[in-house]
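Take a look at the structure below.
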Amino acid sequence: MKKLILLAIIGLGIVSCTTQRNTSKMTELPKEWKHSTNIYEVNIRQYTQEGTFKAFAKEMPRLKSMGIRTLWFMPITPIAQQNKKGSLGSPYAAADYTSINPEFGTLQDFKDLVNEAHRLGFKVIIDWVANHTGWDHIWTKTHPEFYLKDPDGKFHIASGMDDIIELDYKNQEMRQAMIDAMKFWVRETDIDGFRCDLASWVEVDFWEQARPAVEQLKPLFWLGEFDELESPEYGKVFDASYSWKWMHKSADYYKNNEPLQELKDLLVQYSNIGDASMRAWFTSNHDENSWNGTEYEKYGVITKPMAVFSATWNGIPLLYSGQELPNMKRLEFFEKDVIKWTNTYQVADFYKTLLDLKTLNPALRGGDSNVTTYLLNTTANDKILAYKRKNGNNEVLVVLNMSKEPVNFRIDDEQVSGTFRNVFDKTKRDFNNGKDFNFQVSDYAVFEK
C-alpha cells in the first residue's frame with residue numbers, strides 16, 4: 001500500500017511521520033479532477049448590485065481566466081421570514097429545500113448558470129444546510145415531527161442562533177426526505193457536489209447513508225464543514241474538510257506572536273491524517289469575513305504568505321468572493337452590502353499564478369499518496385516556513401516569511417538541490433550554488449523544478 005511520508009525537519013532533529021491510506025473510507029479517492037481543483041465561494045447576494053444568477057454569470061469568464069476551477073454557491077434556497085435576522089435574513093435559514101430564493105432568480109436561471117459554468121469548464125457545488133431550517137420552513141407545517149422539540153413542545157433552537165431550528169435525525173422519514181431533496185438538485189440542475197454546512201452537527205451515519213444514495217445519480221464532490229482533527233469519523237465520508245484548527249491557530253500566531261514551531265507541529269498532525277481525505281485551506285470565507293474580519297485584519301503582513309500556503313500545501317485552496325480585488329471590508333451578512341468592485345483586480349494575477357500551478361503541477365496534487373511533503377530546515381526556523389512537495393520528477397519549493405520583520409537566512413537542508421524556476425518572476429535559480437535568501441516583510445517565493 002502506498003504511503004505518504006512527511007519529513008518534518010525541526011531544528012537539528014528529524015521527525016518522520018508515516019501514514020497509510022484510510023481503507024475504511026466508504027468511497028474511493030476523489031475522481032481525478034478533485035486532486036488538483038480549487039474552490040471559489042460565491043456570495044450571490046453581495047456579488048453584484050442585482051444580486052442574481054444572471055448578473056453573476058457575466059463574471060465567470062473572468063474567474064476562469066484567473067484559474068478558478070470549482071464554484072461553490074452559498075445557499076440558493078428561499079430564506080425563512082419568521083424570526084429572520086436583519087431585513088434580508090440568513091441564507092442558512094432555509095424555508096424550502098427544493099425551491100430557489102427569488103432574490104437570486106428562478107430555477108431556470110440557476111440551471112442556465114450551471115450549464116454555462118460547465119461549458120466554461122467549471123465544476124459547481126452548492127451549500128447544503130442539513131442540520132437546521134428556518135422557523136417557517138415548509139416542513140414545520142407539513143411534517144412538524146421532523147424537528148427536535150423542547151420539553152414544552154416548541155421547536156428546538158439551534159445553538160446560539162435563534163433564527164433556526166434543529167431537525168431530528170432519529171426520524172427516518174425526515175432523513176429520506178433530506179436525501180430526496182439533495183437528489184433533486186443533482187437531477188434537476190446537474191450540480192457536481194455539495195458543501196455541507198456544519199457537517200459534524202449532523203450524525204455521521206446520516207452522511208454515510210446519504211452519500212451513496214445521492215451518488216446513484218452521478219459521482220459527486222463532498223466538502224464538509226468540520227475539522228478532521230476534531231471529528232475524524234467524518235473524514236471517512238467526505239472528500240475534503242475544513243482546516244479550522246489551522247485557521248484559528250495561524251491567526252493567533254500572528255496576533256499574539258506565538259511560536260512558529262507550533263504551526264509546524266500542527267501541520268504534522270494534519271499530515272498524519274493521511275490521504276484518504278483532503279483539507280481545504282483558506283484565509284477567508286463568508287463566516288470569517290463577516291464576523292472575524294478580512295484576511296488583512298487577521299493576518300496583516302503575512303496575508304500573502306498565508307495565501308501562498310493555502311494554494312501549495314497538501315489539500316485544496318478555497319477563496320472567497322472579492323479576495324482577488326482585494327476586498328478590504330467586512331460584508332454584512334443579513335443586509336445588502338455589495339462588494340466594491342473596481343476595474344482592476346490587484347491580486348488576480350497573484351492568484352492565477354498559484355491556482356494554475358496547483359492545477360498543472362503534479363507535485364501539488366491534494367490527497368495523492370504519490371506526493372511527498374517535506375518541511376525544510378532553515379537558519380531562521382522561528383520566522384521562515386519552508387517546504388518542498390515532490391511527485392516523481394516534479395518538485396515545488398515554497399519559502400514564506402511568516403514574521404513581521406526582514407529576515408536573512410539560508411535553507412540548510414539536503415532536500416533542496418538543483419535548478420528551479422521561480423513561478424512569479426520566471427527566473428531560474430541553481431540551489432547547488434547557494435541557498436541564501438534576503439526576505440523583506442511579506443516576502444514569499446515559489447519555485448518549480
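Residues are referred to by chain and number: the chain letter is A, B, ... according to the order shown in the C-alpha cells, the number counts from 1 in that chain, and ligands are numbered separately from 1 in the order shown.
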
Open item on the list: Using DSSP secondary structure from the backbone, list all strand (DSSP E or B) positions within region 150-260 of chain A, as an NGL selection string.
Closed with: :A and (155 or 157-158 or 161-167 or 193-196 or 221-227 or 240-242)

TODO: For Met161 (chain A), work out the shell of residues within 10 Å, counting only C-alpha atoms and skipping chain neighbours fewer than 4 positions away, then give it as an MDAnalysis selection string.
DONE: chainID A and resid 85 93 157 165

Keeping only C-alpha atoms, write the selected residues as a PDB file, in the first residue's frame.
```pdb
ATOM      1  CA  LYS A  85     -32.172  38.357  11.203  1.00  0.00           C
ATOM      2  CA  ALA A  93     -32.178  29.582   7.430  1.00  0.00           C
ATOM      3  CA  ILE A 157     -33.476  26.455  18.647  1.00  0.00           C
ATOM      4  CA  ILE A 165     -34.433  25.253  14.490  1.00  0.00           C
TER       5      ILE A 165
END
```

Task: Using only C-alpha atoms: which of A:Phe309, A:Phe56, A:Tyr296, A:Phe226 has the shortest distance to Met402 (chain A) - done: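 Ranking A:Phe309, A:Phe56, A:Tyr296, A:Phe226 by distance to Met402 (chain A), first place goes to A:Phe309.
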
Which residues of region 268-300 of chain A come within 7 Å of region 230-241 of chain A, and what is each one's closest atom pair and distance in Å (one decimal), counting only C-alpha atoms, sorted by chain and residue number, as CSV?
```
residue,atom,partner,partner_atom,distance
A:Ser277,CA,A:Asp239,CA,5.1
A:Met278,CA,A:Ala240,CA,4.3
A:Arg279,CA,A:Ser241,CA,5.0
A:Ala280,CA,A:Ser241,CA,5.9
```

I need the residues from that last selection saved to file as a short mmCIF file (atom, residue, chain, number, x, y, z; two decimals), in the first residue's frame (with N, CA, C and O atoms), if you can.
```
data_model
loop_
_atom_site.label_atom_id
_atom_site.label_comp_id
_atom_site.auth_asym_id
_atom_site.auth_seq_id
_atom_site.Cartn_x
_atom_site.Cartn_y
_atom_site.Cartn_z
N SER A 277 -8.62 11.49 2.67
CA SER A 277 -9.43 12.70 2.54
C SER A 277 -8.48 13.88 2.42
O SER A 277 -7.27 13.74 2.61
N MET A 278 -9.03 15.05 2.12
CA MET A 278 -8.20 16.23 1.93
C MET A 278 -8.67 17.35 2.86
O MET A 278 -9.76 17.30 3.42
N ARG A 279 -7.82 18.34 3.00
CA ARG A 279 -8.17 19.54 3.76
C ARG A 279 -8.34 20.72 2.81
O ARG A 279 -7.64 20.82 1.81
N ALA A 280 -9.28 21.61 3.14
CA ALA A 280 -9.42 22.89 2.43
C ALA A 280 -8.72 23.96 3.26
O ALA A 280 -8.99 24.10 4.45
#
```

- [ ] Please report, as a PyMOL selection string, each residue of region 142-228 of chain A to which DSSP assigns alpha helix (DSSP H) when run on this structure's backbone.
- [x] chain A and resi 142+172-189+204-214

Just to be explicit: take each residue in the selection above, keep C-alpha atoms, and write the result as a PDB file, in the first residue's frame.
```pdb
ATOM      1  CA  THR A 142     -46.344  19.525   6.699  1.00  0.00           C
ATOM      2  CA  GLN A 172     -36.054   8.024   9.312  1.00  0.00           C
ATOM      3  CA  GLU A 173     -38.743   9.648   7.181  1.00  0.00           C
ATOM      4  CA  MET A 174     -37.029  13.002   7.615  1.00  0.00           C
ATOM      5  CA  ARG A 175     -33.716  11.511   6.580  1.00  0.00           C
ATOM      6  CA  GLN A 176     -35.216  10.163   3.393  1.00  0.00           C
ATOM      7  CA  ALA A 177     -36.865  13.499   2.647  1.00  0.00           C
ATOM      8  CA  MET A 178     -33.485  15.201   3.084  1.00  0.00           C
ATOM      9  CA  ILE A 179     -31.828  12.739   0.723  1.00  0.00           C
ATOM     10  CA  ASP A 180     -34.620  13.213  -1.811  1.00  0.00           C
ATOM     11  CA  ALA A 181     -34.101  16.985  -1.631  1.00  0.00           C
ATOM     12  CA  MET A 182     -30.387  16.595  -2.328  1.00  0.00           C
ATOM     13  CA  LYS A 183     -31.173  14.306  -5.240  1.00  0.00           C
ATOM     14  CA  PHE A 184     -33.495  16.992  -6.611  1.00  0.00           C
ATOM     15  CA  TRP A 185     -30.629  19.410  -7.204  1.00  0.00           C
ATOM     16  CA  VAL A 186     -28.401  16.800  -8.807  1.00  0.00           C
ATOM     17  CA  ARG A 187     -31.162  15.511 -11.041  1.00  0.00           C
ATOM     18  CA  GLU A 188     -32.669  18.867 -11.988  1.00  0.00           C
ATOM     19  CA  THR A 189     -29.604  21.081 -12.243  1.00  0.00           C
ATOM     20  CA  VAL A 204     -22.174  10.889  10.760  1.00  0.00           C
ATOM     21  CA  ASP A 205     -24.338   7.906   9.915  1.00  0.00           C
ATOM     22  CA  PHE A 206     -26.681  10.209   8.014  1.00  0.00           C
ATOM     23  CA  TRP A 207     -23.867  11.234   5.675  1.00  0.00           C
ATOM     24  CA  GLU A 208     -22.893   7.572   5.359  1.00  0.00           C
ATOM     25  CA  GLN A 209     -26.482   6.914   4.305  1.00  0.00           C
ATOM     26  CA  ALA A 210     -26.887   9.999   2.108  1.00  0.00           C
ATOM     27  CA  ARG A 211     -23.731   9.925   0.018  1.00  0.00           C
ATOM     28  CA  PRO A 212     -24.198   6.568  -1.732  1.00  0.00           C
ATOM     29  CA  ALA A 213     -27.929   7.237  -2.115  1.00  0.00           C
ATOM     30  CA  VAL A 214     -27.416  10.601  -3.835  1.00  0.00           C
TER      31      VAL A 214
END
```

Open item on the list: List the spatial neighbours of region 444-446 of chain A as a PyMOL selection string - criterion: any atom at most 8 Å away, only C-alpha atoms, same-chain residues fewer than 2 positions off excluded.
Closed with: chain A and resi 304-305+308+396-401+422-424+439+442+448
